[in-house]
$ cat my_file.txt   # compact mmCIF, C-alpha atoms
# COMPACT_ATOMS: atom_id res chain seq x y z
CA MET A 420 133.39 91.72 -0.32
CA THR A 421 131.63 92.88 2.86
CA LEU A 422 133.49 95.06 5.32
CA THR A 423 132.79 94.12 8.93
CA LEU A 424 134.32 95.39 12.14
CA PRO A 425 136.19 92.40 13.61
CA LEU A 426 135.83 93.67 17.18
CA ASP A 427 132.73 93.40 19.31
CA PHE A 428 131.57 95.77 22.01
CA TRP A 429 133.28 93.75 24.75
CA ASP A 430 136.67 93.90 22.93
CA ILE A 431 136.50 97.71 22.76
CA SER A 432 135.56 97.76 26.45
CA LEU A 433 138.66 95.67 27.24
CA LEU A 434 140.88 97.98 25.16
CA LEU A 435 139.44 101.02 26.96
CA ALA A 436 140.04 99.36 30.34
CA ILE A 437 143.71 98.63 29.59
CA THR A 438 144.28 102.14 28.18
CA ALA A 439 142.50 103.76 31.14
CA ILE A 440 144.58 101.82 33.71
CA ILE A 441 147.87 102.73 31.99
CA LEU A 442 146.88 106.39 31.68
CA LEU A 443 145.58 106.68 35.24
CA VAL A 444 148.70 105.08 36.73
CA THR A 445 151.00 107.26 34.55
CA SER A 446 149.03 110.37 35.43
CA GLU A 447 149.30 109.59 39.14
CA PHE A 448 153.04 108.86 38.92
CA LEU A 449 153.67 112.16 37.14
CA SER A 450 151.46 114.18 39.48
CA PRO A 451 153.23 117.37 40.65
CA TYR A 452 152.15 116.54 44.23
CA TYR A 453 154.82 113.82 44.36
CA GLY A 454 157.78 115.98 43.44
CA LYS A 455 159.47 117.34 40.39
CA SER A 456 159.23 115.25 37.28
CA ASN A 457 161.41 115.87 34.26
CA ILE A 458 158.94 114.52 31.74
CA LYS A 459 157.80 117.47 29.69
CA ILE A 460 154.19 116.71 28.95
CA ASN A 461 151.00 118.52 29.75
CA LYS A 462 150.04 116.73 32.96
CA LYS A 463 146.63 118.35 33.09
CA ARG A 464 145.78 117.03 29.64
CA LEU A 465 147.14 113.59 30.55
CA LYS A 466 144.88 113.55 33.60
CA ASN A 467 141.90 114.63 31.49
CA ALA A 468 142.63 111.91 28.91
CA ALA A 469 142.93 109.29 31.69
CA ILE A 470 139.65 110.32 33.28
CA THR A 471 137.85 110.44 29.92
CA THR A 472 139.07 106.95 28.98
CA ALA A 473 138.07 105.62 32.41
CA VAL A 474 134.61 107.16 32.09
CA LEU A 475 134.21 105.66 28.61
CA PHE A 476 135.15 102.24 29.99
CA LEU A 477 132.69 102.61 32.85
CA ALA A 478 130.03 103.63 30.32
CA THR A 479 130.61 100.39 28.39
CA VAL A 480 130.28 98.46 31.67
CA GLY A 481 127.07 100.33 32.40
CA ILE A 482 125.68 99.51 28.97
CA ARG A 483 126.63 95.87 29.48
CA ILE A 484 124.89 95.75 32.87
CA ILE A 485 121.73 97.38 31.48
CA THR A 486 121.73 94.86 28.59
CA ILE A 487 122.00 91.95 31.01
CA ILE A 488 119.17 93.32 33.19
CA LEU A 489 116.93 93.91 30.18
CA ASN A 490 117.55 90.38 28.86
CA MET A 491 116.70 88.72 32.15
CA MET B 1255 159.69 123.59 35.45
CA LEU B 1256 157.23 126.45 35.09
CA ARG B 1257 154.40 125.94 32.69
CA ILE B 1258 153.95 128.93 30.42
CA ASN B 1259 150.96 129.49 28.21
CA LEU B 1260 152.37 130.89 25.03
CA PRO B 1261 150.13 132.59 22.49
CA SER B 1262 148.90 130.10 19.90
CA GLN B 1263 151.23 129.83 16.96
CA LYS B 1264 149.86 129.30 13.47
CA LYS B 1265 152.78 127.17 12.28
CA THR B 1266 153.03 123.82 14.03
CA LYS B 1267 156.61 122.90 14.81
CA ILE B 1268 157.76 119.51 13.57
CA THR B 1269 159.40 117.84 16.56
CA MET B 1270 160.58 114.30 17.24
CA PRO B 1271 157.77 113.41 19.68
CA ARG B 1272 155.15 114.88 17.34
CA THR B 1273 156.52 112.90 14.39
CA LEU B 1274 156.48 109.74 16.53
CA ALA B 1275 152.88 110.36 17.59
CA VAL B 1276 151.74 110.96 14.01
CA THR B 1277 153.57 107.80 12.85
CA ILE B 1278 151.87 105.72 15.57
CA LEU B 1279 148.51 107.22 14.61
CA LEU B 1280 149.01 106.46 10.89
CA LEU B 1281 150.23 102.91 11.59
CA GLY B 1282 147.20 102.34 13.79
CA LEU B 1283 144.80 103.60 11.13
CA ILE B 1284 146.45 101.43 8.45
CA ALA B 1285 146.33 98.34 10.70
CA PHE B 1286 142.70 99.00 11.59
CA THR B 1287 141.72 99.47 7.93
CA LEU B 1288 143.48 96.21 6.96
CA ALA B 1289 141.75 94.45 9.88
CA ILE B 1290 138.37 95.57 8.58
CA VAL B 1291 139.23 94.53 4.99
CA TYR B 1292 140.51 91.08 6.02
CA ALA B 1293 138.08 90.69 8.96
CA SER B 1294 140.90 89.84 11.35
CA SER B 1295 140.63 90.66 15.05
CA VAL B 1296 144.37 90.71 15.96
CA PRO B 1297 145.32 93.63 13.63
CA ALA B 1298 142.08 95.32 14.72
CA PHE B 1299 143.23 95.26 18.36
CA ILE B 1300 146.70 96.49 17.39
CA GLY B 1301 145.29 99.14 15.05
CA LEU B 1302 142.76 100.50 17.53
CA GLY B 1303 145.37 100.50 20.31
CA LEU B 1304 147.93 102.37 18.20
CA THR B 1305 145.27 104.86 17.08
CA PHE B 1306 144.29 105.55 20.71
CA TRP B 1307 147.89 106.06 21.77
CA GLY B 1308 148.70 108.21 18.73
CA ILE B 1309 145.81 110.54 19.57
CA ILE B 1310 146.74 110.63 23.28
CA LEU B 1311 150.42 111.36 22.56
CA LEU B 1312 149.47 114.18 20.19
CA TYR B 1313 147.06 115.60 22.78
CA VAL B 1314 149.35 115.58 25.82
CA GLN B 1315 152.57 116.93 24.33
CA ASN B 1316 151.33 120.32 23.15
CA GLU B 1317 152.95 122.40 25.88
CA ALA B 1318 155.78 124.92 26.15
CA TYR B 1319 158.23 124.73 29.05
CA THR B 1320 161.17 126.78 30.15
CA LYS B 1321 163.96 125.68 32.50
CA ASP B 1322 163.70 127.08 36.01
CA ILE B 1323 167.34 128.22 36.01
CA ILE B 1324 166.29 130.75 33.34
CA LEU B 1325 163.76 132.17 35.80
CA ASP B 1326 166.47 132.61 38.45
CA ALA B 1327 168.88 134.15 35.96
CA THR B 1328 166.38 136.75 34.78
CA THR B 1329 164.81 137.60 38.13
CA THR B 1330 167.81 138.00 40.42
CA SER B 1331 169.30 140.99 38.62
CA LEU B 1332 165.95 142.80 38.67
CA LEU B 1333 165.62 142.28 42.43
CA THR B 1334 169.21 143.45 42.96
CA THR B 1335 168.49 146.60 40.94
CA LEU B 1336 165.34 147.27 42.97
CA ASP B 1337 167.29 146.80 46.21
CA GLN B 1338 170.05 149.16 45.06
CA THR B 1339 167.55 151.79 43.90
CA LEU B 1340 165.74 151.77 47.25
CA GLN B 1341 169.05 152.00 49.11
CA GLU B 1342 170.25 154.93 47.04
CA LEU B 1343 166.95 156.77 47.39
CA GLU B 1344 167.09 155.94 51.13
CA TYR B 1345 163.64 154.43 51.46
CA ARG B 1346 163.98 152.49 54.69
CA GLY B 1347 160.43 151.52 55.59
CA LYS B 1348 158.79 148.13 55.24
CA ALA B 1349 156.91 147.60 51.99
CA ILE B 1350 153.13 147.81 52.49
CA TYR B 1351 151.08 145.90 49.94
CA LEU B 1352 148.04 148.03 49.25
CA PRO B 1353 144.46 146.82 48.85
CA PRO B 1354 142.41 148.09 45.87
CA LYS B 1355 140.77 151.03 47.66
CA TYR B 1356 144.20 152.71 47.91
CA LEU B 1357 144.67 152.64 44.14
CA ASN B 1358 143.08 154.37 41.17
CA ASN B 1359 142.76 151.09 39.28
CA PRO B 1360 141.53 148.35 41.65
CA GLU B 1361 142.98 145.64 39.41
CA ASP B 1362 146.52 146.93 39.92
CA ALA B 1363 148.86 145.58 42.58
CA LYS B 1364 151.12 148.16 44.22
CA ALA B 1365 153.32 148.38 47.27
CA TYR B 1366 154.01 151.54 49.26
CA ILE B 1367 157.46 152.01 50.76
CA PRO B 1368 157.69 154.65 53.51
CA LYS B 1369 160.77 156.85 53.54
CA GLN B 1370 161.40 156.28 57.25
CA LYS B 1371 161.42 153.05 59.23
CA THR B 1372 158.75 154.51 61.46
CA GLY B 1373 156.67 155.66 58.49
CA LYS B 1374 152.90 155.59 58.82
CA LEU B 1375 150.36 153.93 56.64
CA PRO B 1376 149.22 156.50 54.05
CA THR B 1377 145.56 157.31 53.42
CA PRO B 1378 143.87 156.10 50.21
CA GLU B 1379 143.77 159.70 48.97
CA GLN B 1380 147.53 160.08 49.44
CA THR B 1381 148.39 156.92 47.52
CA GLN B 1382 145.90 157.70 44.76
CA SER B 1383 147.45 161.14 44.23
CA LEU B 1384 150.92 159.58 44.47
CA GLU B 1385 150.02 157.22 41.64
CA THR B 1386 149.37 160.13 39.30
CA GLN B 1387 152.78 161.69 39.92
CA PRO B 1388 155.44 160.90 37.30
CA SER B 1389 157.93 159.28 39.70
CA SER B 1390 155.23 157.85 42.05
CA ARG B 1391 157.16 159.13 45.07
CA ASN B 1392 157.28 162.03 47.49
CA ALA B 1393 159.02 162.94 50.76
CA GLN B 1394 157.00 160.38 52.76
CA GLY B 1395 157.21 157.36 50.54
CA MET B 1396 157.01 155.81 47.12
CA LEU B 1397 154.77 153.45 45.21
CA ILE B 1398 156.25 150.54 43.32
CA THR B 1399 154.90 147.69 41.24
CA PRO B 1400 156.02 144.70 43.32
CA PRO B 1401 157.85 141.69 41.79
CA GLY B 1402 154.78 139.48 42.23
CA ALA B 1403 152.28 141.79 40.52
CA GLU B 1404 152.24 139.96 37.20
CA LEU B 1405 152.11 136.55 38.87
CA THR B 1406 149.03 137.78 40.75
CA ARG B 1407 147.43 138.84 37.47
CA LEU B 1408 148.29 135.46 35.92
CA ALA B 1409 146.75 133.70 38.94
CA GLU B 1410 143.56 135.73 38.51
CA GLN B 1411 143.42 134.84 34.82
CA THR B 1412 143.99 131.14 35.52
CA LEU B 1413 141.39 131.01 38.29
CA GLY B 1414 138.99 133.13 36.23
CA THR B 1415 138.26 135.56 39.05
CA LEU B 1416 139.51 138.75 40.66
CA PHE B 1417 141.00 138.41 44.13
CA THR B 1418 139.11 141.56 45.13
CA LYS B 1419 135.91 139.50 44.90
CA THR B 1420 137.27 136.69 47.08
CA ASN B 1421 138.35 136.21 50.68
CA LEU B 1422 141.05 134.40 52.65
CA GLU B 1423 139.10 131.11 52.61
CA TYR B 1424 139.05 131.21 48.83
CA LEU B 1425 142.84 131.62 48.81
CA GLN B 1426 143.24 128.70 51.22
CA GLN B 1427 141.10 126.46 49.02
CA ASN B 1428 142.36 127.43 45.58
CA LEU B 1429 145.98 128.55 45.81
CA PRO B 1430 147.50 125.11 46.63
CA LYS B 1431 145.97 123.59 43.49
CA LEU B 1432 146.93 126.65 41.43
CA PHE B 1433 150.59 126.59 42.45
CA ILE B 1434 151.01 122.80 42.47
CA GLU B 1435 148.87 121.58 39.56
CA ASP B 1436 148.39 124.57 37.27
CA PHE B 1437 151.66 126.49 37.56
CA GLU B 1438 153.67 123.37 38.53
CA ILE B 1439 156.13 125.46 40.52
CA ALA B 1440 155.47 124.03 43.98
CA THR B 1441 155.34 120.60 45.56
CA ASP B 1442 153.85 121.76 48.85
CA PHE B 1443 151.78 124.84 49.63
CA GLU B 1444 150.13 126.02 52.82
CA ILE B 1445 148.39 129.26 53.68
CA ARG B 1446 146.37 129.84 56.86
CA PRO B 1447 145.66 132.46 59.47
CA SER B 1448 148.03 132.20 62.44
CA GLN B 1449 145.92 133.63 65.24
CA ASP B 1450 147.78 131.71 67.91
CA LYS B 1451 150.67 134.14 67.85
CA PRO B 1452 150.17 137.07 70.28
CA PRO B 1453 150.07 140.49 68.64
CA LYS B 1454 153.31 142.42 68.80
CA THR B 1455 153.52 145.48 70.95
CA LEU B 1456 154.97 148.73 69.74
CA ASP B 1457 158.23 148.05 71.59
CA SER B 1458 158.89 144.73 69.92
CA SER B 1459 157.73 145.81 66.48
CA THR B 1460 160.51 146.45 64.04
CA ASP B 1461 158.73 148.98 61.93
CA GLN B 1462 156.26 150.42 64.45
CA ILE B 1463 153.55 150.91 61.91
CA GLU B 1464 150.50 149.54 63.65
CA GLN B 1465 149.51 147.75 66.82
CA LYS B 1466 146.38 145.78 65.94
CA HIS B 1467 146.80 143.08 63.38
CA ASP B 1468 146.12 139.57 62.21
CA THR B 1469 148.86 137.38 60.86
CA ILE B 1470 148.75 134.89 58.01
CA TYR B 1471 151.19 132.00 57.83
CA PHE B 1472 152.42 130.89 54.42
CA LYS B 1473 154.72 128.01 53.56
CA ILE B 1474 155.82 126.95 50.10
CA THR B 1475 158.15 124.21 48.94
CA ALA B 1476 159.04 125.13 45.42
CA PRO B 1477 162.01 124.08 43.31
CA ALA B 1478 161.40 127.14 41.10
CA TYR B 1479 163.03 130.42 42.16
CA ARG B 1480 165.19 128.61 44.78
CA ASN B 1481 168.36 130.50 43.81
CA THR B 1482 166.45 133.77 43.68
CA ARG B 1483 165.13 133.18 47.19
CA LYS B 1484 168.58 132.23 48.46
CA GLN B 1485 170.16 135.33 46.95
CA ALA B 1486 167.30 137.56 48.09
CA GLN B 1487 168.36 136.84 51.68
CA GLN B 1488 171.44 138.99 51.03
CA LEU B 1489 169.30 141.92 49.86
CA PRO B 1490 168.05 143.86 52.92
CA ARG B 1491 165.31 145.78 51.06
CA ILE B 1492 163.97 142.58 49.47
CA HIS B 1493 164.23 139.84 52.13
CA ALA B 1494 161.27 139.93 54.57
CA ASN B 1495 160.36 143.29 53.08
CA ILE B 1496 159.26 143.41 49.44
CA GLY B 1497 159.90 139.68 49.02
CA CYS B 1498 160.80 137.44 46.11
CA PRO B 1499 158.30 137.03 43.23
CA LEU B 1500 156.45 134.20 45.03
CA THR B 1501 156.12 135.78 48.47
CA SER B 1502 155.40 139.13 46.85
CA ALA B 1503 152.60 137.60 44.76
CA ILE B 1504 151.06 136.03 47.86
CA ALA B 1505 151.20 139.42 49.62
CA CYS B 1506 149.40 141.03 46.65
CA MET B 1507 146.73 138.29 46.75
CA ILE B 1508 146.22 138.63 50.52
CA ALA B 1509 145.93 142.43 50.28
CA LYS B 1510 143.38 142.13 47.49
CA ALA B 1511 141.35 139.33 49.08
CA THR B 1512 141.25 140.76 52.62
CA GLY B 1513 141.07 144.42 51.58
CA LYS B 1514 143.69 145.27 54.19
CA PRO B 1515 147.22 146.66 53.77
CA THR B 1516 149.64 143.76 54.16
CA ILE B 1517 153.30 143.53 55.08
CA LEU B 1518 155.78 140.67 55.18
CA ASP B 1519 156.43 140.26 58.89
CA THR B 1520 158.98 137.47 59.09
CA GLN B 1521 160.52 135.22 56.49
CA GLN B 1522 162.69 132.11 56.66
CA THR B 1523 164.20 130.24 53.75
CA SER B 1524 165.74 126.79 54.09
CA GLU B 1525 169.42 126.24 53.29
CA ASP B 1526 168.70 124.69 49.90
CA GLY B 1527 166.34 127.55 49.10
CA GLN B 1528 163.42 125.21 48.37
CA THR B 1529 161.21 125.95 51.36
CA THR B 1530 160.15 129.40 52.42
CA GLU B 1531 158.04 130.22 55.47
CA THR B 1532 156.57 133.68 55.67
CA GLU B 1533 154.27 135.47 58.06
CA TYR B 1534 152.19 138.29 56.68
CA ARG B 1535 150.65 140.93 58.87
CA LEU B 1536 147.37 142.65 58.06
CA LEU B 1537 147.48 146.26 59.14
CA GLU B 1538 144.50 147.91 60.76
CA GLU B 1539 143.73 151.27 59.24
CA GLU B 1540 143.34 154.28 61.50
CA PRO B 1541 139.71 155.44 61.81
CA THR B 1542 139.13 158.58 59.77

$ encode --input "my_file.txt" --output "structure tokens"
Amino acid sequence: MTLTLPLDFWDISLLLAITAIILLVTSEFLSPYYGKSNIKINKKRLKNAAITTAVLFLATVGIRIITIILNM
Amino acid sequence: MLRINLPSQKKTKITMPRTLAVTILLLGLIAFTLAIVYASSVPAFIGLGLTFWGIILLYVQNEAYTKDIILDATTTSLLTTLDQTLQELEYRGKAIYLPPKYLNNPEDAKAYIPKQKTGKLPTPEQTQSLETQPSSRNAQGMLITPPGAELTRLAEQTLGTLFTKTNLEYLQQNLPKLFIEDFEIATDFEIRPSQDKPPKTLDSSTDQIEQKHDTIYFKITAPAYRNTRKQAQQLPRIHANIGCPLTSAIACMIAKATGKPTILDTQQTSEDGQTTETEYRLLEEEPT
């Protein structure tokens, strides 16, 4: 039996995009600039996680673009 | 809510959100492993998604909070005691927040309270010798550690700098982010020089300490300390004098950053206690 990862690079990119959007929107909604929020989470860490996920997604897009250019 | 950095604890508390995050993480890992074994893409998506969210939930919840009503409950009595002490000792002057050159340890934050309303600004030598006395007071005035001293120290630690090495521009650029994002105690923050206001003359001055000065305008909208600020209005030695912990901390920061003795000139607090507007005055020292 051979173990293979059933997801390709583009699937992971899609997953990162969805996660990044959810995290970025949540982070912005919970921002202390828009008033007091009663959700007790570390907003700074949430923001960092959102930015990191967004950067990872953009990196996958970058890799994809470079691949397309190189294959032309 | 005020965010408090507690010292790291060795034992990790088992809480409901943490248990939920760990469960999501484990479910995700199991689903992802099964997806690899059976080469199926649907459980792989679910597994990877759950794993991501498990990690994120574990990462963002590690924070200690305390309710802001606790802050009010613990601070108000201390301010009342300070007010009563100053009244009984009959120190009537306006509190002067001292810059580092007036103190033996430049990292300290101290305020000088003259005995008389018309009290003069002391010399650095006088305050330094006053600091070494057991009661930190004499016939002319007394030195106190203001209510915002520790908040100033915390701000320096968070920003990773000493305010003595900065200037007013640095405060304008960094304090809004510090109070809104890092401390999470304010929703609006403004600090700027207010040069448009004409300098007060000796006749109109309430304390008659100095003639030449610059003023700095400060406005904060903060749900934290709102009851303290409301109650501080009833305390004559605190309101527009020593100030509440927030306005006192700003006075300490201004004195350190500008290197000039600073006083709270005027102060207004909104009816709900959320917004406070304060004008600080920088005192010019007499040439020696």

$ interface_residues --input "my_file.txt" --of "chain B" --to "chain A" --cutoff "6 Å" --atoms "all atoms listed in the file" --output "PyMOL selection string"
chain B and resi 1290-1291+1293-1295+1314-1315+1317+1441

$ atom_distance --input "my_file.txt" --atom1 "CA of Ser1383 in chain B" --atom2 "CA of Tyr1356 in chain B"
9.8 Å

$ atom_distance --input "my_file.txt" --atom1 "CA of Thr1372 in chain B" --atom2 "CA of Tyr1345 in chain B"
11.1 Å

$ residues_near_point --input "my_file.txt" --point "(169.4, 145.3, 52.1)" --cutoff "9 Å" --atoms "only C-alpha atoms" --output "number ranges by chain"
B: 1337-1338, 1340-1341, 1486-1493

$ atom_distance --input "my_file.txt" --atom1 "CA of Ile1398 in chain B" --atom2 "CA of Leu1357 in chain B"
11.8 Å

$ axis_aligned_box --input "my_file.txt" --around "range 1401-1411 of chain B" --padding-each-side "3 Å" --output "AutoDock Vina command-line options"
--center_x 150.6 --center_y 137.7 --center_z 38.5 --size_x 20.4 --size_y 14.1 --size_z 13.4
